[in-house]
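For reference, upload_3.cif (mmCIF, C-alpha atoms and all ligand atoms):
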```cif
data_coords
#
loop_
_atom_site.label_atom_id
_atom_site.label_comp_id
_atom_site.auth_asym_id
_atom_site.auth_seq_id
_atom_site.Cartn_x
_atom_site.Cartn_y
_atom_site.Cartn_z
CA MET B 263 13.50 16.76 -4.54
CA GLU B 264 11.36 19.79 -5.30
CA ASN B 265 8.55 18.38 -7.41
CA LEU B 266 7.68 14.89 -6.30
CA LEU B 267 5.10 13.02 -8.36
CA ILE B 268 3.27 10.45 -6.23
CA THR B 269 0.99 7.99 -8.00
CA GLY B 270 -1.88 6.32 -6.17
CA GLY B 271 -1.71 8.87 -3.36
CA CYS B 272 -5.43 8.50 -2.56
CA GLY B 273 -5.09 4.80 -1.73
CA PHE B 274 -4.20 3.24 1.59
CA ILE B 275 -0.39 3.45 1.66
CA GLY B 276 -0.17 6.48 -0.66
CA SER B 277 -2.36 8.64 1.58
CA ASN B 278 -0.42 7.59 4.67
CA PHE B 279 2.80 8.44 2.81
CA ILE B 280 1.56 11.94 1.89
CA HIS B 281 0.49 12.58 5.50
CA TYR B 282 3.90 11.36 6.67
CA LEU B 283 5.89 13.45 4.16
CA LEU B 284 4.08 16.69 4.91
CA ASP B 285 3.41 16.28 8.62
CA GLU B 286 6.44 14.42 9.90
CA SER B 287 9.34 14.12 7.48
CA ASP B 288 12.01 16.62 6.35
CA PHE B 289 10.47 16.87 2.84
CA THR B 290 10.10 20.53 1.86
CA GLY B 291 9.10 20.39 -1.81
CA ARG B 292 5.78 20.09 -3.65
CA ILE B 293 3.74 16.90 -4.03
CA ILE B 294 1.84 16.21 -7.24
CA ASN B 295 -0.57 13.38 -6.43
CA VAL B 296 -1.79 11.56 -9.54
CA ASP B 297 -4.62 9.12 -8.94
CA SER B 298 -7.43 7.90 -11.21
CA LEU B 299 -9.72 7.31 -8.19
CA THR B 300 -10.72 3.70 -8.69
CA TYR B 301 -12.93 2.14 -5.98
CA ALA B 302 -9.74 2.04 -3.81
CA GLY B 303 -8.93 5.74 -4.14
CA ASN B 304 -10.53 8.12 -1.68
CA PRO B 305 -9.52 11.79 -1.96
CA GLU B 306 -11.33 12.45 1.34
CA ASN B 307 -8.25 10.83 2.98
CA LEU B 308 -6.36 13.99 2.01
CA LEU B 309 -8.91 16.79 2.47
CA GLU B 310 -7.13 18.00 5.58
CA ILE B 311 -3.83 17.97 3.69
CA GLU B 312 -5.35 20.09 0.90
CA GLU B 313 -6.55 22.61 3.47
CA ARG B 314 -3.28 22.82 5.37
CA TYR B 315 -0.74 22.50 2.57
CA GLY B 316 -2.54 24.05 -0.40
CA ASP B 317 0.68 25.57 -1.80
CA CYS B 318 2.75 22.42 -1.77
CA TYR B 319 0.10 19.82 -2.53
CA VAL B 320 -1.59 19.36 -5.91
CA PHE B 321 -4.11 16.64 -6.73
CA ILE B 322 -4.64 15.51 -10.32
CA LYS B 323 -7.24 12.95 -11.28
CA ALA B 324 -5.53 11.04 -14.06
CA ASP B 325 -4.94 7.48 -15.18
CA ILE B 326 -1.35 6.23 -15.40
CA CYS B 327 -2.48 4.12 -18.36
CA HIS B 328 -2.84 7.37 -20.34
CA LYS B 329 0.65 7.70 -21.80
CA GLU B 330 0.40 11.21 -23.29
CA ARG B 331 -1.20 12.59 -20.14
CA MET B 332 1.63 11.22 -18.02
CA ALA B 333 4.30 12.69 -20.31
CA ALA B 334 2.52 16.08 -20.24
CA LEU B 335 2.32 16.08 -16.43
CA PHE B 336 6.07 15.58 -16.13
CA GLU B 337 6.61 18.71 -18.24
CA GLU B 338 3.85 20.80 -16.69
CA TYR B 339 4.98 20.20 -13.10
CA ASP B 340 8.71 19.96 -13.78
CA VAL B 341 8.80 16.60 -12.02
CA ASP B 342 12.20 15.72 -10.53
CA SER B 343 11.27 12.61 -8.55
CA VAL B 344 8.62 9.89 -8.59
CA CYS B 345 7.20 7.60 -5.94
CA HIS B 346 4.99 5.05 -7.66
CA PHE B 347 2.28 3.45 -5.52
CA ALA B 348 -0.63 3.30 -8.00
CA ALA B 349 -1.74 -0.26 -8.62
CA GLU B 350 -4.63 -2.64 -8.61
CA SER B 351 -3.77 -4.21 -5.27
CA HIS B 352 -6.29 -6.83 -4.19
CA VAL B 353 -5.33 -10.47 -4.90
CA ASP B 354 -8.94 -11.75 -4.84
CA ARG B 355 -9.98 -9.22 -7.48
CA SER B 356 -7.00 -10.24 -9.65
CA ILE B 357 -8.25 -13.84 -9.65
CA VAL B 358 -11.72 -12.82 -10.83
CA GLU B 359 -10.71 -10.05 -13.24
CA PRO B 360 -6.99 -9.91 -14.06
CA GLY B 361 -7.23 -7.49 -17.02
CA ALA B 362 -7.13 -4.28 -14.98
CA PHE B 363 -4.03 -5.57 -13.16
CA ILE B 364 -2.18 -6.03 -16.44
CA GLN B 365 -3.16 -2.55 -17.59
CA THR B 366 -2.44 -0.53 -14.47
CA ASN B 367 0.40 -2.49 -12.92
CA ILE B 368 2.34 -3.27 -16.09
CA VAL B 369 1.28 -0.83 -18.81
CA GLY B 370 0.81 2.05 -16.34
CA THR B 371 4.29 1.50 -14.89
CA PHE B 372 5.73 1.36 -18.41
CA ASN B 373 4.10 4.73 -19.23
CA LEU B 374 5.64 6.32 -16.13
CA LEU B 375 9.04 4.90 -17.00
CA GLU B 376 8.79 6.27 -20.52
CA ALA B 377 7.77 9.72 -19.25
CA SER B 378 10.68 9.56 -16.79
CA ARG B 379 13.12 8.57 -19.52
CA LYS B 380 12.09 11.55 -21.64
CA HIS B 381 12.53 13.76 -18.60
CA GLN B 382 15.69 12.02 -17.42
CA ALA B 383 17.99 15.04 -17.30
CA LYS B 384 15.89 16.41 -14.42
CA LEU B 385 15.08 13.13 -12.71
CA LYS B 386 16.75 12.46 -9.35
CA ARG B 387 14.82 9.37 -8.32
CA PHE B 388 12.11 6.96 -9.54
CA HIS B 389 11.02 4.81 -6.62
CA HIS B 390 8.80 1.81 -7.34
CA VAL B 391 6.72 0.40 -4.47
CA SER B 392 6.26 -3.34 -4.73
CA THR B 393 5.36 -6.39 -2.72
CA ASP B 394 6.97 -9.51 -1.25
CA GLU B 395 4.32 -11.54 -3.10
CA VAL B 396 6.56 -11.50 -6.21
CA PHE B 397 8.74 -14.15 -4.51
CA GLY B 398 5.95 -16.73 -4.28
CA SER B 399 5.43 -18.97 -1.28
CA LEU B 400 7.88 -20.17 1.40
CA GLY B 401 7.92 -23.48 3.24
CA PRO B 402 8.01 -23.52 7.05
CA GLU B 403 11.61 -22.22 7.11
CA GLY B 404 13.55 -19.39 5.46
CA LEU B 405 13.08 -15.74 4.56
CA PHE B 406 12.81 -13.76 1.32
CA THR B 407 15.97 -11.76 0.59
CA GLU B 408 16.70 -9.35 -2.25
CA THR B 409 18.24 -12.23 -4.23
CA THR B 410 15.35 -14.69 -3.86
CA PRO B 411 14.21 -15.68 -7.38
CA TYR B 412 10.83 -14.34 -8.48
CA ARG B 413 8.05 -16.91 -8.54
CA PRO B 414 4.71 -15.05 -8.46
CA ASN B 415 1.59 -17.19 -8.09
CA SER B 416 -1.38 -14.84 -8.60
CA PRO B 417 -2.23 -12.47 -11.45
CA TYR B 418 -1.65 -9.63 -8.94
CA SER B 419 1.84 -10.76 -7.95
CA ALA B 420 2.74 -11.64 -11.55
CA SER B 421 1.76 -8.14 -12.68
CA LYS B 422 3.81 -6.57 -9.87
CA ALA B 423 6.77 -8.84 -10.71
CA SER B 424 6.53 -7.72 -14.30
CA SER B 425 6.57 -4.06 -13.29
CA ASP B 426 9.59 -4.65 -11.01
CA HIS B 427 11.49 -6.16 -13.94
CA LEU B 428 10.61 -3.20 -16.18
CA VAL B 429 11.78 -0.70 -13.54
CA ARG B 430 15.06 -2.57 -13.05
CA ALA B 431 15.59 -2.83 -16.81
CA TYR B 432 15.19 0.95 -17.22
CA HIS B 433 18.11 1.34 -14.85
CA GLU B 434 20.28 -1.20 -16.63
CA THR B 435 19.37 -0.04 -20.14
CA TYR B 436 18.89 3.72 -19.79
CA GLY B 437 20.54 4.49 -16.47
CA LEU B 438 17.28 5.72 -14.92
CA PRO B 439 17.92 6.49 -11.20
CA ILE B 440 15.55 3.89 -9.82
CA THR B 441 15.05 2.11 -6.52
CA ILE B 442 12.57 -0.68 -5.76
CA SER B 443 11.11 -1.82 -2.45
CA ASN B 444 9.38 -5.16 -1.85
CA CYS B 445 7.30 -4.94 1.29
CA SER B 446 5.29 -7.35 3.40
CA ASN B 447 1.59 -6.96 4.36
CA ASN B 448 0.68 -3.53 5.66
CA TYR B 449 -2.09 -2.51 8.03
CA GLY B 450 -3.15 0.79 9.58
CA PRO B 451 -5.43 3.82 9.03
CA PHE B 452 -7.25 4.38 5.70
CA GLN B 453 -7.05 0.74 4.57
CA PHE B 454 -9.99 -0.20 2.36
CA PRO B 455 -12.21 -2.67 4.24
CA GLU B 456 -11.81 -5.49 1.71
CA LYS B 457 -8.40 -6.35 3.23
CA LEU B 458 -8.06 -8.79 6.14
CA ILE B 459 -7.49 -6.51 9.14
CA PRO B 460 -10.06 -3.75 8.51
CA LEU B 461 -12.59 -6.33 7.29
CA MET B 462 -12.25 -8.28 10.52
CA ILE B 463 -12.41 -5.13 12.69
CA LEU B 464 -15.59 -3.89 11.02
CA ASN B 465 -17.32 -7.29 10.92
CA ALA B 466 -16.43 -8.02 14.56
CA MET B 467 -17.81 -4.64 15.68
CA GLU B 468 -21.07 -5.35 13.83
CA ASP B 469 -21.61 -8.97 14.99
CA ARG B 470 -21.02 -10.30 11.49
CA PRO B 471 -19.17 -13.52 10.55
CA LEU B 472 -15.37 -13.37 10.34
CA PRO B 473 -14.51 -15.36 7.18
CA ILE B 474 -11.03 -16.96 7.15
CA TYR B 475 -9.64 -18.77 4.14
CA GLY B 476 -8.82 -22.51 4.41
CA ASP B 477 -7.41 -23.63 7.74
CA GLY B 478 -6.35 -20.11 8.75
CA LEU B 479 -2.72 -21.17 9.05
CA ASN B 480 -1.34 -19.10 6.14
CA VAL B 481 1.47 -16.92 7.44
CA ARG B 482 2.17 -13.29 6.58
CA ASP B 483 4.71 -10.82 7.91
CA TRP B 484 2.81 -7.72 9.13
CA LEU B 485 4.10 -4.16 9.07
CA TYR B 486 2.42 -1.02 10.40
CA VAL B 487 1.91 1.35 7.45
CA GLY B 488 3.73 4.24 9.17
CA ASP B 489 6.88 2.13 9.31
CA HIS B 490 6.54 1.34 5.60
CA CYS B 491 6.27 5.07 4.81
CA LYS B 492 9.45 5.80 6.77
CA ALA B 493 11.28 3.03 4.93
CA VAL B 494 10.19 4.27 1.50
CA TRP B 495 11.32 7.81 2.29
CA ALA B 496 14.69 6.57 3.61
CA ILE B 497 15.21 4.59 0.39
CA MET B 498 14.21 7.55 -1.78
CA LYS B 499 16.69 9.81 -0.04
CA ARG B 500 19.59 7.52 0.72
CA GLY B 501 19.07 4.21 -1.09
CA ARG B 502 21.60 3.31 -3.76
CA ARG B 503 20.42 3.78 -7.35
CA GLY B 504 19.51 0.58 -9.15
CA GLU B 505 19.02 -1.30 -5.86
CA THR B 506 16.14 -3.27 -4.42
CA TYR B 507 15.33 -3.23 -0.69
CA ASN B 508 13.08 -5.65 1.18
CA ILE B 509 10.87 -4.12 3.88
CA GLY B 510 9.30 -6.23 6.60
CA GLY B 511 7.94 -6.02 10.11
CA ASN B 512 9.79 -9.03 11.43
CA HIS B 513 6.43 -10.18 12.69
CA GLU B 514 5.20 -13.41 11.17
CA MET B 515 1.69 -14.42 12.13
CA GLU B 516 -0.89 -16.97 11.03
CA ASN B 517 -4.13 -15.41 9.77
CA ILE B 518 -6.13 -17.09 12.53
CA ARG B 519 -3.90 -15.51 15.21
CA ILE B 520 -4.42 -12.07 13.65
CA VAL B 521 -8.17 -12.52 13.79
CA GLU B 522 -8.08 -13.87 17.34
CA THR B 523 -5.99 -10.87 18.44
CA ILE B 524 -8.54 -8.50 16.93
CA CYS B 525 -11.40 -10.43 18.59
CA ASP B 526 -9.71 -10.22 22.00
CA LEU B 527 -9.06 -6.47 21.70
CA ILE B 528 -12.68 -5.85 20.73
CA ASP B 529 -13.97 -8.11 23.53
CA ASP B 530 -12.17 -5.78 25.98
CA LEU B 531 -14.07 -2.67 24.79
CA PRO B 532 -16.65 -1.50 27.39
CA GLU B 533 -19.51 -1.60 24.83
CA MET B 534 -18.77 -5.30 24.15
CA LYS B 535 -18.83 -6.36 27.78
CA HIS B 536 -22.18 -8.15 27.69
CA LYS B 537 -21.69 -9.78 24.31
CA PRO B 538 -20.28 -13.27 23.62
CA SER B 539 -16.60 -13.44 22.62
CA ARG B 540 -15.98 -12.19 19.08
CA ARG B 541 -14.12 -15.46 18.48
CA THR B 542 -17.52 -17.18 18.13
CA LEU B 543 -17.97 -15.25 14.86
CA ILE B 544 -14.93 -16.93 13.21
CA ASN B 545 -15.98 -18.85 10.12
CA PHE B 546 -13.59 -20.89 7.93
CA VAL B 547 -14.41 -20.59 4.21
CA LYS B 548 -13.16 -22.30 1.01
CA ASP B 549 -9.50 -21.47 0.42
CA ARG B 550 -8.40 -18.80 -2.08
CA LEU B 551 -7.15 -20.26 -5.41
CA GLY B 552 -3.34 -20.51 -5.46
CA HIS B 553 -3.19 -19.22 -1.85
CA ASP B 554 0.49 -18.77 -0.89
CA ARG B 555 1.24 -20.52 2.39
CA ARG B 556 3.91 -18.37 3.95
CA TYR B 557 5.71 -15.07 3.36
CA ALA B 558 8.55 -13.85 5.55
CA ILE B 559 11.01 -11.05 4.93
CA ASP B 560 14.66 -10.51 5.70
CA ALA B 561 14.95 -6.70 5.89
CA GLY B 562 18.62 -6.87 6.93
CA LYS B 563 19.91 -4.92 3.92
CA LEU B 564 17.65 -1.96 4.69
CA GLN B 565 18.58 -2.09 8.36
CA LYS B 566 22.30 -2.28 7.65
CA GLU B 567 22.52 0.29 4.84
CA LEU B 568 19.90 2.83 5.91
CA GLU B 569 19.49 2.07 9.60
CA TRP B 570 15.77 1.52 9.25
CA SER B 571 13.85 -0.80 11.51
CA PRO B 572 10.15 -0.94 12.37
CA GLU B 573 9.14 1.22 15.34
CA GLU B 574 5.74 -0.39 16.00
CA SER B 575 5.34 -3.88 17.41
CA PHE B 576 2.30 -5.79 16.16
CA GLN B 577 0.58 -5.25 19.52
CA SER B 578 1.09 -1.46 19.45
CA GLY B 579 0.27 -1.16 15.72
CA ILE B 580 -2.94 -3.17 15.89
CA LYS B 581 -4.16 -1.15 18.90
CA LYS B 582 -3.53 2.10 17.01
CA THR B 583 -5.31 0.68 13.97
CA LEU B 584 -8.36 -0.46 15.94
CA GLY B 585 -8.43 2.95 17.66
CA TRP B 586 -8.38 4.70 14.27
CA TYR B 587 -11.32 2.68 12.89
CA LEU B 588 -13.31 3.27 16.09
CA GLU B 589 -12.66 7.01 15.86
CA HIS B 590 -13.67 7.30 12.19
CA PRO B 591 -17.20 5.88 11.87
CA SER B 592 -18.16 8.39 9.18
CA TRP B 593 -15.16 7.40 7.00
CA ILE B 594 -16.33 3.78 7.25
CA GLU B 595 -19.96 4.70 6.62
CA ARG B 596 -19.08 6.70 3.48
CA ILE B 597 -17.09 3.75 2.10
CA ARG B 598 -19.80 1.26 3.00
CA THR B 599 -22.62 3.27 1.42
CA GLY B 600 -20.54 4.39 -1.56
CA ALA B 601 -21.04 8.06 -0.56
CA TYR B 602 -17.32 8.69 -1.10
CA GLN B 603 -17.81 7.85 -4.78
CA ASP B 604 -20.78 10.22 -5.10
CA TRP B 605 -18.51 12.93 -3.66
CA ILE B 606 -15.85 12.09 -6.27
CA LEU B 607 -18.42 12.35 -9.08
CA GLU B 608 -19.53 15.73 -7.76
CA HIS B 609 -16.01 17.13 -7.42
CA TYR B 610 -14.15 15.54 -10.32
CA ARG B 611 -16.55 15.18 -13.22
N1 LIG N 1 -1.28 -3.06 1.01
C1 LIG N 1 -0.21 -3.81 1.21
O1 LIG N 1 -0.16 -4.59 2.18
C2 LIG N 1 0.98 -3.70 0.29
C3 LIG N 1 2.16 -4.38 0.64
C4 LIG N 1 3.27 -4.25 -0.20
C5 LIG N 1 3.20 -3.47 -1.34
N2 LIG N 1 2.04 -2.85 -1.67
C6 LIG N 1 2.03 -2.01 -2.88
O2 LIG N 1 1.85 -0.68 -2.45
C7 LIG N 1 1.13 0.08 -3.42
C8 LIG N 1 -0.07 0.74 -2.76
O3 LIG N 1 -0.89 -0.28 -2.17
P1 LIG N 1 -2.25 0.09 -1.40
O4 LIG N 1 -2.55 -1.03 -0.49
O5 LIG N 1 -2.17 1.49 -0.91
O6 LIG N 1 -3.27 0.05 -2.62
P2 LIG N 1 -4.73 0.68 -2.75
O7 LIG N 1 -5.50 -0.26 -3.60
O8 LIG N 1 -5.26 1.08 -1.42
O9 LIG N 1 -4.46 2.05 -3.55
C9 LIG N 1 -4.13 2.08 -4.90
C10 LIG N 1 -4.33 3.50 -5.41
O10 LIG N 1 -3.95 3.52 -6.80
C11 LIG N 1 -4.95 4.20 -7.54
N3 LIG N 1 -4.95 3.67 -8.92
C12 LIG N 1 -5.32 2.41 -9.31
N4 LIG N 1 -5.21 2.33 -10.65
C13 LIG N 1 -4.77 3.52 -11.11
C14 LIG N 1 -4.47 4.04 -12.39
N5 LIG N 1 -4.62 3.30 -13.49
N6 LIG N 1 -4.02 5.32 -12.50
C15 LIG N 1 -3.88 6.10 -11.38
N7 LIG N 1 -4.17 5.66 -10.14
C16 LIG N 1 -4.61 4.39 -10.00
C17 LIG N 1 -6.26 3.90 -6.81
O11 LIG N 1 -7.27 4.85 -7.11
C18 LIG N 1 -5.79 3.95 -5.35
O12 LIG N 1 -5.86 5.27 -4.85
C19 LIG N 1 0.76 -0.92 -4.52
O13 LIG N 1 1.68 -0.76 -5.57
C20 LIG N 1 0.91 -2.29 -3.86
O14 LIG N 1 1.26 -3.27 -4.80
C21 LIG N 1 0.94 -2.94 -0.88
#
```
Show me, as structure tokens, the structure contained in the file I just sent.
Ligand SMILES: NC(=O)c1ccc[n+]([C@@H]2O[C@H](COP(=O)([O-])OP(=O)(O)OC[C@H]3O[C@@H](n4cnc5c(N)ncnc54)[C@H](O)[C@@H]3O)[C@@H](O)[C@H]2O)c1
Amino acid sequence: MENLLITGGCGFIGSNFIHYLLDESDFTGRIINVDSLTYAGNPENLLEIEERYGDCYVFIKADICHKERMAALFEEYDVDSVCHFAAESHVDRSIVEPGAFIQTNIVGTFNLLEASRKHQAKLKRFHHVSTDEVFGSLGPEGLFTETTPYRPNSPYSASKASSDHLVRAYHETYGLPITISNCSNNYGPFQFPEKLIPLMILNAMEDRPLPIYGDGLNVRDWLYVGDHCKAVWAIMKRGRRGETYNIGGNHEMENIRIVETICDLIDDLPEMKHKPSRRTLINFVKDRLGHDRRYAIDAGKLQKELEWSPEESFQSGIKKTLGWYLEHPSWIERIRTGAYQDWILEHYR
């Protein structure tokens, strides 16, 4: 892969993936990062990458919903592989305003598939990054496998399910060399503070309430973002064309236990010594509409075929994550105040 188009590279997982590819993996080609810089995209996540890898890293501010622009980029940069992260990704936002999810997640994916089809002679791989939420909710037992029927319950998961079907269909119909991954909940550096773990870290550090939906007993399988990046790269290089792979951390946890773990880690910080336990800030709020009860992943296929398994335990991953947020107060401040968006306006008019 010499010219790898990455969409959504300024978001949480995309920016971790670009750091991983250039700093740690055996990738030696050029990355073309296409991102429209919505509220969730922060090019400051990659400033250091631009400085260090100027020759093999290109950033393009563009919207995947713009069909002609996408087709032109494939030609201009001689794209031979795609890793598609760009999406509207926050379930709560999809409940309030689903339209953008339909456009980006479905129509945007369709545009990339069409551009890929036109460019098919050169295309080695189109990898689509998706979520375990497409499978719906589990009862107390069982795990999602690659053959679990789709049963999405939110506009977000329905839009991702739709894009998964399109990607698969382009393999069956046109022979496009696709792979798909369905991953569990990620956490780690650069995650936008609307998501559970960074929200709880920041609120707990600032003595603010820690809002938890419903009874707090909803279960998710948590995966450190670095492990997700390694899995995606393994699938891109060695995964079988036309196949789907589930990715999971093998670490199921109730939301309340996640928050309690974060509280306990923060309580142990020297600057928190004289403060009451962070657990006193926990505040149960009205449940999310259509809130799935439990997700759990069987990542056996990925382990067996590609010898991938998560390297971080939840304990080690959450400590790293907390450490990262504590070490990056100006990143947090610029998100909180919106300064990162002023910077975008200045640099990418
Ligand atoms: N975060 C998770 O726990 C998780 C788990 C499994 C799968 N996923 C999937 O991984 C992918 C990345 O998730 P994330 O958490 O990094 O999301 P994110 O919201 O942090 O980042 C999304 C990125 O896509 C960009 N984007 C949005 N709309 C665009 C458009 N129309 N054109 C170009 N760029 C656009 C945004 O600017 C942002 O940089 C998504 O496809 C998501 O469904 C996420």
Using CA of Ile474 (chain B) and CA of Val521 (chain B) as the two end points, give the distance in Å to one decimal.
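Computing it gives 8.5 Å between the two atoms.
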Write out as JSON, numbers by chain each polymer residue whose atoms come within 10 Å of Pro451 (chain B), counting all atoms listed in the file; drop sequence neighbours fewer than 3 positions from it.
{"B": [274, 275, 277, 278, 307, 454, 460, 486, 487, 488, 582, 583, 584, 585, 586, 587, 590]}
With C-alpha atoms kept, could you save the residues just selected as a JSON list (two decimals), keeping the file's coordinate frame?
```json
[["chain", "number", "residue", "atom", "x", "y", "z"],
["B", 274, "PHE", "CA", -4.20, 3.24, 1.59],
["B", 275, "ILE", "CA", -0.39, 3.45, 1.66],
["B", 277, "SER", "CA", -2.36, 8.64, 1.58],
["B", 278, "ASN", "CA", -0.42, 7.59, 4.67],
["B", 307, "ASN", "CA", -8.25, 10.83, 2.98],
["B", 454, "PHE", "CA", -9.99, -0.20, 2.36],
["B", 460, "PRO", "CA", -10.06, -3.75, 8.51],
["B", 486, "TYR", "CA", 2.42, -1.02, 10.40],
["B", 487, "VAL", "CA", 1.91, 1.35, 7.45],
["B", 488, "GLY", "CA", 3.73, 4.24, 9.17],
["B", 582, "LYS", "CA", -3.53, 2.10, 17.01],
["B", 583, "THR", "CA", -5.31, 0.68, 13.97],
["B", 584, "LEU", "CA", -8.36, -0.46, 15.94],
["B", 585, "GLY", "CA", -8.43, 2.95, 17.66],
["B", 586, "TRP", "CA", -8.38, 4.70, 14.27],
["B", 587, "TYR", "CA", -11.32, 2.68, 12.89],
["B", 590, "HIS", "CA", -13.67, 7.30, 12.19]]
```
Which chains and residue numbers are within 6 Å of ligand LIG 1 (chain N), counting all atoms listed in the file, if I want them as an MDAnalysis selection string?
chainID B and resid 270:276 297:300 302:303 324:327 347:351 366 391:393 445:448
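Distance check against Ser425 (chain B) using all atoms listed in the file: of B:Val369, B:Leu283, B:Ile293, B:Ile440, the minimum falls on B:Val369.
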Could you state the separation of CA of Arg519 (chain B) and CA of Asn480 (chain B) in Å, given to one decimal place?
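For CA of Arg519 (chain B) relative to CA of Asn480 (chain B), the distance reads 10.1 Å.
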Arg470 (chain B) surroundings by all atoms listed in the file, 12 Å radius, close-in-sequence under 4 positions cut, as JSON, numbers by chain
{"B": [461, 462, 463, 464, 465, 466, 525, 540, 541, 542, 543, 544, 545]}
What separation in Å, quoted to one decimal, exists between CA of His352 (chain B) and CA of Ser416 (chain B)?
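Separation of CA of His352 (chain B) and CA of Ser416 (chain B): 10.4 Å.
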So which residues touch Leu568 (chain B) within 9 Å, counting all atoms listed in the file, skipping near sequence neighbours fewer than 4 positions away, as number ranges by chain?
B: 493, 496-497, 500-501, 563-564
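Ranking B:Thr506, B:Thr290, B:Gln453, B:Asn415 by their shortest atom-to-atom distance to Glu264 (chain B), with all atoms listed in the file included, puts B:Thr290 first.
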For Arg387 (chain B), which residue out of B:Gly504, B:Pro439, B:Gly510, B:Gly478 is the nearest one, using only C-alpha atoms?
B:Pro439
